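Q: My questions will all concern the structure given below.
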Amino acid sequence: MTSAQVDDKGQPGRQAVDTGTTGEGYQRGLGARQIQMIAIGGAIGTGLFLGAGKAIDRAGPSLILAYAIAGLVIFFIMRALGELLMYRPVSGSFSEYAREFLGPFFGFVTGWTYWLFWVVTGITEVTAAATYMTYWWDIPQWLSALVFTIILYGANLISVKLFGELEFWFSMVKVTAIVGMILICAGVLTIGFSDAGDTATVANLWNDGGFFPEGIGGTLMTLQIVMFAFLAVELVGVTAGESKDPETVLPKAINTVPWRIAVFYVGALIMILSVVPWSTFEPGVSPFVAAFEQMGLGVGAAIVNFVVLTAALSSCNSGMYSTGRMLRDLALNGQGPKSFTKLTKNGLPLVGTTFSAGLMLVGVWINYQWPGEAFNYVVSFATISGMWAWIMILVCQLRYRAKADRGELPQSTFKAPGAPFSSWFALAFIGLVIVMMAVDKDARISLYCAPLWGLVLGVSYLVLKSRNPENTSFAKR
């Protein structure tokens, strides 16, 4: 951490010297297998399991193409992040890089916005989890949301190793389920068993209105949902400060992005839409659950519902993990309350995690007030706040690469292929997504909220700067 070296107690000053901790006071408790599964699981969440139902209804089979193109953009973003991580692996990386390459204000905005993203995402995921519970039991959504929030909060207060283990097994369940579903669909297509055996055919991808049944416009309108599905792949960057041997583990995890997207998104959707015609899916219903029900495999549908429940809890668990680290990074740089710098004996940011979990309880109230619309209300705002982190990654990578090429900074050992052109392409694509969100009346609310959030951050930054004029975190660079 160049802007604020800290000791094991989280105080500015000397650099920690401990083989089990980092210079930021965290413990290196995340091993290679955990980082790999966090990277894999980060690409498989509610956006795929639940949000894909709405996207299929809007775009039909062309959703496959949307996921493929967006997946390429995500790979460019991750390789840009990888280049920065190998230059300087730090926890709270997004705000750190923004602070270094764009100035303290952008570090402040990025840190708080990414924190907000995970709070909102936590609400989204716990809402989805509560929705999945109604598949089996007639339980009030708010009650399920409350119980899940409390359980995950408690798990995150034990150790980073436990967080890693939870994510490992959450991800293992998701990966196993999707691979199993692909194999079952392949069996339906080739052998013809199940109720869908007589109608299952690859031709379903173009028979019912063509590959673009709702036109190109319908496909473009799904980009917000598609990009939401990929949010959290950048979580690998947040784990950098607590990873064992990050120089080896992180590049391997990032390089798995292409096949993850090819198998879990493109491959899974090709199979589902081949077995079951796209027009049978409904918004708000998991296409994976619906597909098994259409095949007459009721037990399979129940299993898949358990898997998507696991996926939602996994993402919420990641949110609990991320928020405390982002708040601590901000606090260490004088851009947040000092109380957020405190760590437990196990190297956990207790105060920041507790504060964030408390705000996630807002999700309980949302589920109580609007149980039918809760998911849609928070998805669009999560998308715009999450994409800000991607924009900062790409812009910082462009600034870093320019300085490295001039010899002002050391070259990264993990350069992004095709940069700077790949980074500019990714930025342009994100711009297109934002334009489509402005066109979509359901997503437009997030663009109304973004300027308000920016105003709050701008005023907060000026107040902090006026109160701490001697703080180097507010100095121009």
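Starting from 1 in every chain, residues are counted up; chains themselves are A, B, ... following the order of the structure tokens, and ligands are numbered from 1 as listed.
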Going by DSSP on the backbone, which residues of range 41-116 of chain A come out as helix (DSSP H, G or I)? List them as number ranges by chain.

A: A: 41, 46-49, 51-87, 93-101, 104-116

Q: Might you pull out every residue within 12 Å of Gly53 in chain A, with only C-alpha atoms counted and same-chain residues fewer than 2 positions away left off, and present them as an mmCIF file with N, CA and C atoms, in the first residue's frame?

A:
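And here is the file that came out, selection.cif:
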```
data_model
loop_
_atom_site.group_PDB
_atom_site.id
_atom_site.type_symbol
_atom_site.label_atom_id
_atom_site.label_comp_id
_atom_site.auth_asym_id
_atom_site.auth_seq_id
_atom_site.Cartn_x
_atom_site.Cartn_y
_atom_site.Cartn_z
ATOM 1 N N THR A 46 -26.995 -14.685 -9.295
ATOM 2 C CA THR A 46 -28.422 -14.456 -9.492
ATOM 3 C C THR A 46 -28.720 -13.890 -10.877
ATOM 4 N N GLY A 47 -27.801 -13.094 -11.413
ATOM 5 C CA GLY A 47 -28.021 -12.529 -12.738
ATOM 6 C C GLY A 47 -28.244 -13.590 -13.790
ATOM 7 N N LEU A 48 -27.565 -14.731 -13.640
ATOM 8 C CA LEU A 48 -27.749 -15.845 -14.567
ATOM 9 C C LEU A 48 -28.962 -16.678 -14.163
ATOM 10 N N PHE A 49 -29.027 -17.061 -12.901
ATOM 11 C CA PHE A 49 -30.048 -18.000 -12.467
ATOM 12 C C PHE A 49 -31.457 -17.411 -12.441
ATOM 13 N N LEU A 50 -31.577 -16.129 -12.085
ATOM 14 C CA LEU A 50 -32.907 -15.520 -11.994
ATOM 15 C C LEU A 50 -33.122 -14.470 -13.079
ATOM 16 N N GLY A 51 -32.140 -13.565 -13.258
ATOM 17 C CA GLY A 51 -32.286 -12.485 -14.218
ATOM 18 C C GLY A 51 -32.400 -12.950 -15.653
ATOM 19 N N ALA A 55 -34.467 -11.710 -19.306
ATOM 20 C CA ALA A 55 -33.701 -11.437 -20.521
ATOM 21 C C ALA A 55 -34.146 -12.331 -21.673
ATOM 22 N N ILE A 56 -34.440 -13.589 -21.391
ATOM 23 C CA ILE A 56 -34.936 -14.502 -22.430
ATOM 24 C C ILE A 56 -36.264 -14.003 -22.967
ATOM 25 N N ASP A 57 -37.126 -13.527 -22.090
ATOM 26 C CA ASP A 57 -38.425 -13.015 -22.516
ATOM 27 C C ASP A 57 -38.273 -11.809 -23.435
ATOM 28 N N ARG A 58 -37.224 -11.017 -23.223
ATOM 29 C CA ARG A 58 -37.012 -9.806 -24.014
ATOM 30 C C ARG A 58 -36.295 -10.068 -25.335
ATOM 31 N N ALA A 59 -35.371 -11.021 -25.334
ATOM 32 C CA ALA A 59 -34.503 -11.182 -26.506
ATOM 33 C C ALA A 59 -34.580 -12.538 -27.175
ATOM 34 N N GLY A 60 -35.135 -13.552 -26.502
ATOM 35 C CA GLY A 60 -35.159 -14.878 -27.092
ATOM 36 C C GLY A 60 -33.760 -15.468 -27.185
ATOM 37 N N PRO A 61 -33.519 -16.336 -28.154
ATOM 38 C CA PRO A 61 -32.220 -17.001 -28.276
ATOM 39 C C PRO A 61 -31.043 -16.046 -28.510
ATOM 40 N N LEU A 63 -30.121 -13.820 -26.829
ATOM 41 C CA LEU A 63 -29.467 -13.551 -25.551
ATOM 42 C C LEU A 63 -28.116 -14.257 -25.483
ATOM 43 N N THR A 222 -31.391 -6.009 -23.359
ATOM 44 C CA THR A 222 -31.028 -6.973 -22.309
ATOM 45 C C THR A 222 -29.623 -6.734 -21.762
ATOM 46 N N ILE A 225 -29.201 -6.369 -18.014
ATOM 47 C CA ILE A 225 -29.367 -7.626 -17.284
ATOM 48 C C ILE A 225 -28.143 -8.508 -17.469
ATOM 49 N N VAL A 226 -27.615 -8.525 -18.693
ATOM 50 C CA VAL A 226 -26.437 -9.333 -18.997
ATOM 51 C C VAL A 226 -25.233 -8.866 -18.192
ATOM 52 N N ALA A 229 -25.302 -9.774 -14.610
ATOM 53 C CA ALA A 229 -24.949 -11.171 -14.364
ATOM 54 C C ALA A 229 -23.455 -11.336 -14.139
ATOM 55 N N LEU A 269 -27.028 -21.697 -21.744
ATOM 56 C CA LEU A 269 -28.191 -21.129 -22.420
ATOM 57 C C LEU A 269 -28.493 -21.846 -23.733
ATOM 58 N N ILE A 272 -30.351 -25.030 -22.639
ATOM 59 C CA ILE A 272 -31.693 -24.781 -22.124
ATOM 60 C C ILE A 272 -32.650 -24.384 -23.241
ATOM 61 N N LEU A 273 -32.208 -23.465 -24.110
ATOM 62 C CA LEU A 273 -33.091 -22.960 -25.161
ATOM 63 C C LEU A 273 -33.260 -23.951 -26.304
ATOM 64 N N TRP A 278 -37.868 -20.851 -26.205
ATOM 65 C CA TRP A 278 -37.681 -19.642 -25.415
ATOM 66 C C TRP A 278 -39.005 -18.987 -25.009
ATOM 67 N N SER A 279 -40.032 -19.125 -25.808
ATOM 68 C CA SER A 279 -41.303 -18.447 -25.538
ATOM 69 C C SER A 279 -42.042 -19.012 -24.322
ATOM 70 N N THR A 280 -41.580 -20.139 -23.785
ATOM 71 C CA THR A 280 -42.248 -20.731 -22.623
ATOM 72 C C THR A 280 -41.734 -20.162 -21.301
ATOM 73 N N PHE A 281 -40.617 -19.448 -21.354
ATOM 74 C CA PHE A 281 -40.047 -18.899 -20.116
ATOM 75 C C PHE A 281 -40.756 -17.605 -19.735
ATOM 76 N N GLU A 282 -40.791 -17.329 -18.427
ATOM 77 C CA GLU A 282 -41.463 -16.144 -17.924
ATOM 78 C C GLU A 282 -40.503 -15.298 -17.096
ATOM 79 N N PRO A 283 -40.663 -13.963 -17.153
ATOM 80 C CA PRO A 283 -39.837 -13.086 -16.313
ATOM 81 C C PRO A 283 -40.060 -13.382 -14.834
ATOM 82 N N GLY A 284 -38.993 -13.297 -14.049
ATOM 83 C CA GLY A 284 -39.120 -13.522 -12.615
ATOM 84 C C GLY A 284 -39.055 -14.969 -12.189
ATOM 85 N N VAL A 285 -38.989 -15.879 -13.173
ATOM 86 C CA VAL A 285 -38.873 -17.310 -12.871
ATOM 87 C C VAL A 285 -37.524 -17.798 -13.387
ATOM 88 N N SER A 286 -36.788 -18.504 -12.563
ATOM 89 C CA SER A 286 -35.491 -19.009 -12.992
ATOM 90 C C SER A 286 -35.656 -19.920 -14.202
ATOM 91 N N PRO A 287 -34.968 -19.638 -15.321
ATOM 92 C CA PRO A 287 -35.093 -20.500 -16.496
ATOM 93 C C PRO A 287 -34.567 -21.906 -16.242
ATOM 94 N N PHE A 288 -33.674 -22.055 -15.277
ATOM 95 C CA PHE A 288 -33.136 -23.372 -14.960
ATOM 96 C C PHE A 288 -34.209 -24.220 -14.272
ATOM 97 N N VAL A 289 -34.898 -23.620 -13.325
ATOM 98 C CA VAL A 289 -35.986 -24.329 -12.654
ATOM 99 C C VAL A 289 -37.104 -24.633 -13.643
ATOM 100 N N ALA A 290 -37.462 -23.620 -14.459
ATOM 101 C CA ALA A 290 -38.544 -23.788 -15.434
ATOM 102 C C ALA A 290 -38.221 -24.884 -16.442
ATOM 103 N N ALA A 291 -36.947 -24.978 -16.848
ATOM 104 C CA ALA A 291 -36.546 -25.988 -17.831
ATOM 105 C C ALA A 291 -36.768 -27.398 -17.284
#
```

Q: Between A:Ala311, A:Val351, A:Leu447, A:Val263, which residue has the minimum interatomic distance to Tyr67 in chain A, considering only C-alpha atoms?

A: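 When distances to Tyr67 in chain A are compared using only C-alpha atoms, the smallest one comes from A:Val263.
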
Q: Residues within 10 Å of Ser339 in chain A, please, as number ranges by chain. Count only C-alpha atoms; anything in the same chain fewer than 5 positions from it doesn't count.

A: A: 327-328, 331-332, 349-352

Q: Which residue is closest to Leu205 in chain A? Choose from A:Ile270, A:Ile139, A:Val257, A:Leu183 and count only C-alpha atoms.

A: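 When distances to Leu205 in chain A are compared using only C-alpha atoms, the smallest one comes from A:Ile270.
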
Q: To one decimal place in Å, what is the distance between CA of Pro104 in chain A and CA of Ile123 in chain A?

A: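 For CA of Pro104 in chain A relative to CA of Ile123 in chain A, the distance reads 28.8 Å.
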
Q: Can you work out which one of A:Met320, A:Met326, A:Leu464, A:Ile391 has the shortest atom-to-atom distance to Val90 in chain A, counting only C-alpha atoms?

A: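 Distance minimum relative to Val90 in chain A lands on A:Met326.
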
Q: Mind pulling up the distance from CA of Leu452 in chain A to CA of Val364 in chain A?

A: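 Distance between the two atoms: 23.6 Å.
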
Q: Please, what distance in Å, to one decimal, runs between CA of Pro251 in chain A and CA of Ser423 in chain A?

A: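 Going from CA of Pro251 in chain A over to CA of Ser423 in chain A, I get 17.7 Å.
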
Q: Compare A:Gly336, A:Gly217, A:Gly71, A:Gly154 by their minimum atom-to-atom distance to Val463 in chain A, counting only C-alpha atoms, and give me the closest one.

A: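 Smallest separation from Val463 in chain A among the options: A:Gly336.
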
Q: For range 106-120 of chain A, please output as number ranges by chain all residues within 8 Å (counting only C-alpha atoms; exclusion window: fewer than 4 positions along the same chain).

A: A: 92, 94-100, 102, 124, 319-320, 322-323, 326-327, 329-330, 335, 356-357, 359-360, 378, 381-383, 385-386, 388-389, 392, 454, 457, 461

Q: Please provide as a list in words all residues within 10 Å of Trp136 in chain A, with the sequence filter that same-chain residues fewer than 5 positions apart are discarded (counting only C-alpha atoms).

A: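 Here the answer would be Ala302, Asn305 and Phe306 of chain A.
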